[in-house]
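Written below as C-alpha cells is the structure these notes are about.
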Amino acid sequence: MPIYLTIFTFGHKYLATYNIYFFLKNTVMIIMTCVDNILIVAPWGMPIWRRLTYSINGKEIKSCTSLLPLLLSMKEYIDAGKVDIVIIVLDSLVDKYEGSVDRESECFKCYYELQDYINKANEADLYKDLVSALESFTKEFFKCLLRKYNLDLKINDLNVIVAPAIGSPGGKWTFKGELREFSSLLLHKIAKMGLSKPYHKIIVDLTHGINFMPSLVTNLLHKFASIILLAHKDLDKIVIEVYNSDPVVPTRDEIKRLININKAFHEEIKTIQLIHAIPYFISVSGWIKDNKYKKDLFMKIKDLENKIKSVLFGHIKYVYSSLYYPLPLALYYLICGQDLYDLGQVIENEYMNYIYINKKDLTIERPYTIEPDALYVYYISKAVHNRLNLTKCVPPDLDYLETVFTQIYSRVNIAYEALIEHEISQLRQLEEKIKEDKDILNRLLNRWESYDKIKLLSERKDVKSEEEKEKSQKMPDKRILIAHVGLSYDLVELSLNEQNKLVLRYKLEPKKILEDSKLIVKSEK
C-alpha cells in the first residue's frame with residue numbers, strides 16, 4: 001500500500017501542492033510527485049499477434065503483445081494512477097482479417113470473440129459511427145487481454161485513437177485522402193490530453209506499428225512534448241523514450257524464443273519546437289476539386305476554410321509570433337482578456353462529418369486535409385493561453401513579468417531568458433530611482449509616461465529633445481525590438497500601481513508593433 005503525503009509549498013504569488021507516493025519494495029524507495037505522470041503511446045496494426053516470450057529489464061513475460069510487458073515493468077506507477085495509455089489503430093481495422101494466424105494466441109482469441117464490433121463498423125453509414133465501433137473494439141480487446149493473462153492493472157482510462165488509413169491495406173476497403181491527416185488527428189487528440197495533464201515522460205512502443213505509423217508517430221514526439229512543456233509551469237523537461245522489439249520471424253518454437261523489448265532512444269526535451277511558417281489550415285483534396293458532382297461539398301469546405309483562415313491568420317498568428325520572437329509584453333497584452341477560438345472542434349465536428357462512406361465501392365473518402373503544422377501553431381498558442389489564464393487585462397509589474405515570462409521564454413530558447421532578465425534588471429534599477437525621487441514618483445501615480453522620458457528624468461537630463469522625438473516617432477526597429485525583448489524605451493509606457501510598483505504597457509497596439517517591425521511569422525500555402 002502506498003503512503004500519501006501532501007506537501008504545501010509557498011512561492012511568489014503561487015501555491016503549489018505536491019502529492020508524494022512512497023513504495024517500499026526490496027528496500028528501494030520510489031518517490032513520485034504530482035508531475036510524475038507518464039503517457040504511453042502504442043501504434044497498433046492488426047492485433048492478431050502470435051504468442052511470444054518478451055524480455056524487458058531482465059524479466060521474461062509470455063505475451064502476444066509487447067504492451068503488457070512494458071506496462072508490468074512500471075506497475076508501481078500504474079498502481080499510483082500515474083499512467084495513461086493511448087493506443088493508435090487505423091480505420092482499416094474495418095477489414096476483417098482472414099489470413100494465417102496462431103489460433104492459440106490470446107490476441108487472436110480476443111480478436112475473434114469481439115467480431116461483433118468489426119461487423120458493426122462494416123454496417124455503419126456514418127464515419128463517426130464506424131470510428132466509434134472500432135474504438136469500442138480496441139478498448140474491449142485490451143480488457144480481454146488483461147482477463148486472458150489474469151492481470152490486475154489499474155489503468156486510469158484507455159484512450160483509443162482511430163486514425164485515417166490510406167490506400168487499401170486490408171485488400172477490401174479503400175481509403176482516399178492524404179497521409180498528413182494521420183499526423184493531424186494524432187496531434188489533436190494527444191495535444192488535448194497534454195493540455196489538461198502535465199506528463200513528465202512519453203513512452204512509445206513501436207513494436208506493433210505498421211507501414212507509416214512508426215515514422216509519423218516518432219516525427220510528432222517533439223511536438224507533443226512541446227505543447228505539454230509550454231502548457232505546464234511545473235515541468236522543466238519532458239523525457240521521451242521509444243521502444244521496439246527484436247524482429248519476429250515465424251518458427252515452430254517461437255513461443256520459447258526470447259524477444260527483447262529494446263530502448264531505441266532516450267531524449268530529454270527542454271525547449272519547444274517552433275515551425276518557421278504557418279501553412280493554411282485546410283487543403284482540399286484534388287479529387288474533390290476536379291469532380292463536378294462534388295461542387296456543393298467543395299463550396300462548403302471553402303467557406304469553412306475562409307472562416308478558419310480569419311482566426312489562424314488573425315489572433316493566433318500574433319500570439320504565435322510574439323512567442324517566436326522574444327516579446328513578453330506583447331504576448332501578455334495579446335492574450336489578456338481574449339478567448340481563443342476552438343479550432344480543435346473543427347476536427348471533432350466538421351472534419352468527421354465530411355468524411356464519406358461509399359458502401360457500394362467499399363471506399364472511405366476524406367475530402368480535405370487539416371495541415372498538421374497549422375494545427376500545431378494553434379495548440380502552441382492554446383498552451384500559452386491556458387498557462388497564463390489571463391481573464392482580465394491588469395498592467396503587469398516587474399515581478400510578474402520576470403517570474404512568469406522568463407520561464408516561458410526559456411522553453412523557447414534558453415538565451416531568451418538572459419535577455420529578459422537583463423531588461424527587467426534595467427527596469428528594476430529605474431524603479432529604485434523613482435522611489436527615491438518624489439517628483440517622478442508623484443508624476444507616475446495614476447498616470448502613464450514614456451519609458452524614455454522617465455529614464456531621462458531619473459538621470460537628471462533634459463526631456464524636451466525627447467518630447468520632440470516623440471512627435472516624429474519612427475517605425476519600430478526589428479533589431480532593437482528583439483535585442484530589448486520588446487521593452488524598447490520609445491515604445492513602452494510606465495506607471496505606478498497602488499502598491500507603488502512599476503507597471504508597463506505599450507504606446508501602440510501590440511499587433512501594430514508586430515506589423516510595423518515585421519516581426520510576424522510568415523504564412524505559406
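Ordering of the C-alpha cells sets the chain letters (A, B, ...), residue numbers begin anew at 1 in every chain, and ligands are numbered from 1 in the order given.
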
Would you give me, as CSV, each residue of segment 67-184 of chain A having an atom within 12 Å of an atom of segment 253-274 of chain A, along with its shortest atom pair and that distance in Å to one decimal, using only C-alpha atoms and sorting by chain and residue number?
```
residue,atom,partner,partner_atom,distance
A:Leu67,CA,A:Ile261,CA,9.7
A:Leu68,CA,A:Ile261,CA,11.2
A:Pro69,CA,A:Ile261,CA,8.7
A:Leu70,CA,A:Ile261,CA,8.1
A:Leu71,CA,A:Ile261,CA,11.9
A:Ser73,CA,A:Ile261,CA,11.1
A:Asp102,CA,A:Ile255,CA,10.6
A:Glu104,CA,A:Ile255,CA,10.9
A:Ser105,CA,A:Ile255,CA,10.0
```

Residues from last step as file, C-alpha atoms, as an mmCIF file, in the first residue's frame:
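That gives us part.cif:
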```cif
data_model
loop_
_atom_site.group_PDB
_atom_site.id
_atom_site.type_symbol
_atom_site.label_atom_id
_atom_site.label_comp_id
_atom_site.auth_asym_id
_atom_site.auth_seq_id
_atom_site.Cartn_x
_atom_site.Cartn_y
_atom_site.Cartn_z
ATOM 1 C CA LEU A 67 2.487 -3.557 -24.449
ATOM 2 C CA LEU A 68 1.654 -5.806 -21.493
ATOM 3 C CA PRO A 69 5.309 -6.500 -20.506
ATOM 4 C CA LEU A 70 6.001 -2.773 -20.863
ATOM 5 C CA LEU A 71 3.126 -1.944 -18.510
ATOM 6 C CA SER A 73 7.679 -3.036 -15.919
ATOM 7 C CA ASP A 102 -1.703 -18.528 -34.399
ATOM 8 C CA GLU A 104 -3.902 -20.406 -29.746
ATOM 9 C CA SER A 105 -2.743 -16.836 -29.319
#
```

Residue set, segment 72-267 of chain A restricted to strand (DSSP E or B), as JSON, numbers by chain: {"A": [83, 84, 85, 86, 87, 88, 89, 90, 158, 159, 160, 161, 162, 163, 167, 174, 175, 176, 199, 200, 201, 202, 203, 204, 205, 238, 239, 240, 241, 242, 243, 244, 245, 258, 259, 260, 261, 262, 263, 264, 265, 266, 267]}

Residues as selected, N, CA and C atoms, written as a CSV table (one decimal), in the first residue's frame, can you do that?
```
chain,number,residue,atom,x,y,z
A,83,VAL,N,-0.2,6.6,-14.8
A,83,VAL,CA,0.0,6.2,-16.2
A,83,VAL,C,-1.3,6.3,-17.1
A,84,ASP,N,-1.2,7.0,-18.2
A,84,ASP,CA,-2.3,7.0,-19.2
A,84,ASP,C,-1.8,6.3,-20.4
A,85,ILE,N,-2.7,5.6,-21.1
A,85,ILE,CA,-2.3,4.9,-22.3
A,85,ILE,C,-3.1,5.4,-23.5
A,86,VAL,N,-2.4,5.5,-24.6
A,86,VAL,CA,-3.1,5.8,-25.9
A,86,VAL,C,-2.7,4.7,-26.9
A,87,ILE,N,-3.7,4.0,-27.4
A,87,ILE,CA,-3.5,3.0,-28.4
A,87,ILE,C,-4.0,3.6,-29.8
A,88,ILE,N,-3.1,3.6,-30.7
A,88,ILE,CA,-3.5,4.2,-32.1
A,88,ILE,C,-3.8,3.0,-33.0
A,89,VAL,N,-4.9,3.0,-33.6
A,89,VAL,CA,-5.3,2.0,-34.6
A,89,VAL,C,-5.7,2.7,-35.9
A,90,LEU,N,-5.8,2.0,-37.0
A,90,LEU,CA,-6.2,2.6,-38.2
A,90,LEU,C,-7.7,2.2,-38.5
A,158,LEU,N,-8.3,4.1,-20.8
A,158,LEU,CA,-7.6,3.7,-22.0
A,158,LEU,C,-8.1,4.6,-23.1
A,159,ASN,N,-7.2,5.3,-23.7
A,159,ASN,CA,-7.6,6.3,-24.8
A,159,ASN,C,-7.3,5.6,-26.1
A,160,VAL,N,-8.2,5.5,-27.0
A,160,VAL,CA,-8.0,4.9,-28.3
A,160,VAL,C,-8.2,6.0,-29.4
A,161,ILE,N,-7.2,6.1,-30.3
A,161,ILE,CA,-7.3,7.0,-31.5
A,161,ILE,C,-7.5,6.1,-32.7
A,162,VAL,N,-8.6,6.3,-33.4
A,162,VAL,CA,-8.8,5.6,-34.7
A,162,VAL,C,-8.4,6.6,-35.8
A,163,ALA,N,-7.2,6.3,-36.3
A,163,ALA,CA,-6.6,7.3,-37.3
A,163,ALA,C,-6.9,6.9,-38.7
A,167,GLY,N,-4.8,4.2,-48.9
A,167,GLY,CA,-4.7,3.1,-49.8
A,167,GLY,C,-5.7,1.9,-49.5
A,174,THR,N,-11.0,0.7,-49.4
A,174,THR,CA,-10.0,1.6,-49.9
A,174,THR,C,-10.2,3.0,-49.2
A,175,PHE,N,-9.1,3.6,-48.9
A,175,PHE,CA,-9.2,4.9,-48.1
A,175,PHE,C,-8.5,6.0,-48.9
A,176,LYS,N,-9.3,7.0,-49.3
A,176,LYS,CA,-8.9,8.1,-50.2
A,176,LYS,C,-8.7,9.3,-49.3
A,199,TYR,N,2.4,15.6,-18.3
A,199,TYR,CA,3.1,14.4,-18.4
A,199,TYR,C,4.6,14.7,-18.4
A,200,HIS,N,5.4,14.0,-17.5
A,200,HIS,CA,6.8,14.3,-17.5
A,200,HIS,C,7.6,13.3,-18.4
A,201,LYS,N,6.9,12.2,-18.8
A,201,LYS,CA,7.5,11.3,-19.7
A,201,LYS,C,6.5,10.8,-20.7
A,202,ILE,N,7.0,10.6,-21.9
A,202,ILE,CA,6.2,10.0,-23.0
A,202,ILE,C,7.0,8.7,-23.4
A,203,ILE,N,6.3,7.6,-23.3
A,203,ILE,CA,6.9,6.3,-23.7
A,203,ILE,C,6.2,5.8,-24.9
A,204,VAL,N,6.9,5.5,-26.0
A,204,VAL,CA,6.3,5.0,-27.2
A,204,VAL,C,6.8,3.6,-27.5
A,205,ASP,N,5.8,2.7,-27.7
A,205,ASP,CA,6.1,1.3,-28.1
A,205,ASP,C,5.8,1.1,-29.6
A,238,ILE,N,10.7,17.3,-20.5
A,238,ILE,CA,9.9,16.1,-20.7
A,238,ILE,C,10.8,15.0,-21.3
A,239,VAL,N,10.8,13.8,-20.8
A,239,VAL,CA,11.6,12.7,-21.2
A,239,VAL,C,10.8,11.9,-22.3
A,240,ILE,N,11.5,11.6,-23.4
A,240,ILE,CA,10.9,10.8,-24.4
A,240,ILE,C,11.7,9.5,-24.5
A,241,GLU,N,11.0,8.3,-24.4
A,241,GLU,CA,11.7,7.0,-24.6
A,241,GLU,C,10.9,6.3,-25.7
A,242,VAL,N,11.6,5.7,-26.6
A,242,VAL,CA,11.0,4.9,-27.7
A,242,VAL,C,11.5,3.5,-27.6
A,243,TYR,N,10.6,2.5,-27.6
A,243,TYR,CA,10.9,1.1,-27.5
A,243,TYR,C,10.5,0.4,-28.8
A,244,ASN,N,11.2,-0.7,-29.1
A,244,ASN,CA,10.9,-1.5,-30.2
A,244,ASN,C,11.5,-2.9,-29.9
A,245,SER,N,10.8,-4.0,-30.3
A,245,SER,CA,11.2,-5.3,-30.0
A,245,SER,C,12.2,-5.8,-31.1
A,258,LEU,N,13.2,-16.0,-27.0
A,258,LEU,CA,13.2,-14.7,-26.3
A,258,LEU,C,13.2,-13.5,-27.2
A,259,ILE,N,12.2,-12.6,-27.1
A,259,ILE,CA,12.2,-11.4,-27.9
A,259,ILE,C,12.4,-10.2,-27.0
A,260,ASN,N,13.5,-9.5,-27.2
A,260,ASN,CA,13.8,-8.4,-26.3
A,260,ASN,C,13.0,-7.2,-26.7
A,261,ILE,N,12.5,-6.4,-25.7
A,261,ILE,CA,11.9,-5.1,-25.9
A,261,ILE,C,13.0,-4.1,-25.7
A,262,ASN,N,13.5,-3.5,-26.8
A,262,ASN,CA,14.7,-2.7,-26.7
A,262,ASN,C,14.4,-1.2,-26.7
A,263,LYS,N,15.2,-0.4,-25.9
A,263,LYS,CA,15.0,1.0,-25.9
A,263,LYS,C,15.8,1.6,-27.1
A,264,ALA,N,15.0,2.1,-28.0
A,264,ALA,CA,15.6,2.6,-29.3
A,264,ALA,C,16.3,4.0,-29.0
A,265,PHE,N,15.7,4.9,-28.3
A,265,PHE,CA,16.3,6.1,-27.9
A,265,PHE,C,15.7,6.8,-26.7
A,266,HIS,N,16.5,7.6,-26.0
A,266,HIS,CA,16.0,8.3,-24.9
A,266,HIS,C,16.4,9.8,-25.1
A,267,GLU,N,15.5,10.7,-24.9
A,267,GLU,CA,15.8,12.1,-25.1
A,267,GLU,C,15.1,13.0,-24.1
```

List the neighbours of Pro214 of chain A out to 10 Å using only C-alpha atoms; skip same-chain residues closer than 2 positions along the sequence, and give me the result as a CSV table (one decimal) with N, CA and C atoms, in the first residue's frame.
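The resulting file, around29.csv, is shown below:
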```csv
chain,number,residue,atom,x,y,z
A,42,ALA,N,1.0,3.7,-28.1
A,42,ALA,CA,1.3,2.4,-28.8
A,42,ALA,C,0.5,2.4,-30.1
A,43,PRO,N,1.2,2.5,-31.2
A,43,PRO,CA,0.6,2.3,-32.5
A,43,PRO,C,0.4,0.8,-32.8
A,44,TRP,N,-0.8,0.4,-33.2
A,44,TRP,CA,-1.1,-1.0,-33.5
A,44,TRP,C,-1.6,-1.2,-34.9
A,204,VAL,N,6.9,5.5,-26.0
A,204,VAL,CA,6.3,5.0,-27.2
A,204,VAL,C,6.8,3.6,-27.5
A,205,ASP,N,5.8,2.7,-27.7
A,205,ASP,CA,6.1,1.3,-28.1
A,205,ASP,C,5.8,1.1,-29.6
A,206,LEU,N,6.8,1.1,-30.4
A,206,LEU,CA,6.6,1.0,-31.9
A,206,LEU,C,6.5,-0.5,-32.4
A,207,THR,N,6.6,-1.4,-31.5
A,207,THR,CA,6.7,-2.8,-31.9
A,207,THR,C,5.6,-3.3,-32.9
A,208,HIS,N,4.3,-2.8,-32.6
A,208,HIS,CA,3.2,-3.3,-33.5
A,208,HIS,C,2.8,-2.3,-34.5
A,209,GLY,N,3.5,-1.2,-34.6
A,209,GLY,CA,3.1,-0.2,-35.6
A,209,GLY,C,3.4,-0.7,-37.0
A,210,ILE,N,2.6,-0.4,-38.0
A,210,ILE,CA,2.8,-0.9,-39.4
A,210,ILE,C,2.9,0.3,-40.4
A,211,ASN,N,3.5,0.0,-41.5
A,211,ASN,CA,3.6,0.9,-42.6
A,211,ASN,C,4.1,2.3,-42.1
A,212,PHE,N,3.3,3.3,-42.3
A,212,PHE,CA,3.8,4.7,-42.0
A,212,PHE,C,3.7,5.0,-40.5
A,216,LEU,N,5.7,8.3,-38.6
A,216,LEU,CA,4.9,9.6,-38.3
A,216,LEU,C,4.7,9.8,-36.8
A,217,VAL,N,4.5,8.7,-36.0
A,217,VAL,CA,4.4,8.9,-34.6
A,217,VAL,C,5.7,9.5,-34.0
A,218,THR,N,6.8,8.9,-34.4
A,218,THR,CA,8.1,9.4,-33.9
A,218,THR,C,8.4,10.8,-34.3
A,219,ASN,N,8.0,11.2,-35.5
A,219,ASN,CA,8.1,12.6,-36.0
A,219,ASN,C,7.3,13.6,-35.2
A,244,ASN,N,11.2,-0.7,-29.1
A,244,ASN,CA,10.9,-1.5,-30.2
A,244,ASN,C,11.5,-2.9,-29.9
```

note - atom CA of Pro198 of chain A and atom CA of Leu229 of chain A are separated by 7.7 Å

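The smallest atom-to-atom distance between Arg479 of chain A and any of A:Ser226, A:Ser517, A:Ser523, A:Thr138, using only C-alpha atoms, is found for A:Ser517.
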
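For segment 452-461 of chain A, the set of protein, DNA and RNA residues having any atom at most 9 Å away, when counting only C-alpha atoms and skipping those fewer than 6 positions along the same chain, is Leu430, Lys433, Ile434, Asp437, Ile440, Leu444, Glu467, Ser488, Tyr489, Asp490, Leu491, Val492, Glu493 and Leu494 of chain A.
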
Can you measure atom CA of Ser92 of chain A to atom CA of Cys144 of chain A for me? One decimal in Å is fine. 21.1 Å

Could you find all residues in segment 120-289 of chain A that DSSP calls alpha helix (DSSP H) from the backbone, and write them as a ChimeraX atom specification? /A:120-123,127-148,180-196,213-231,286-289

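Across A:Leu343, A:Gly177, A:Ser410, A:Pro47, the tightest approach to Phe137 of chain A is made by A:Pro47 when counting only C-alpha atoms.
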
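The space separating atom CA of Met46 of chain A from atom CA of Glu60 of chain A comes to 24.2 Å.
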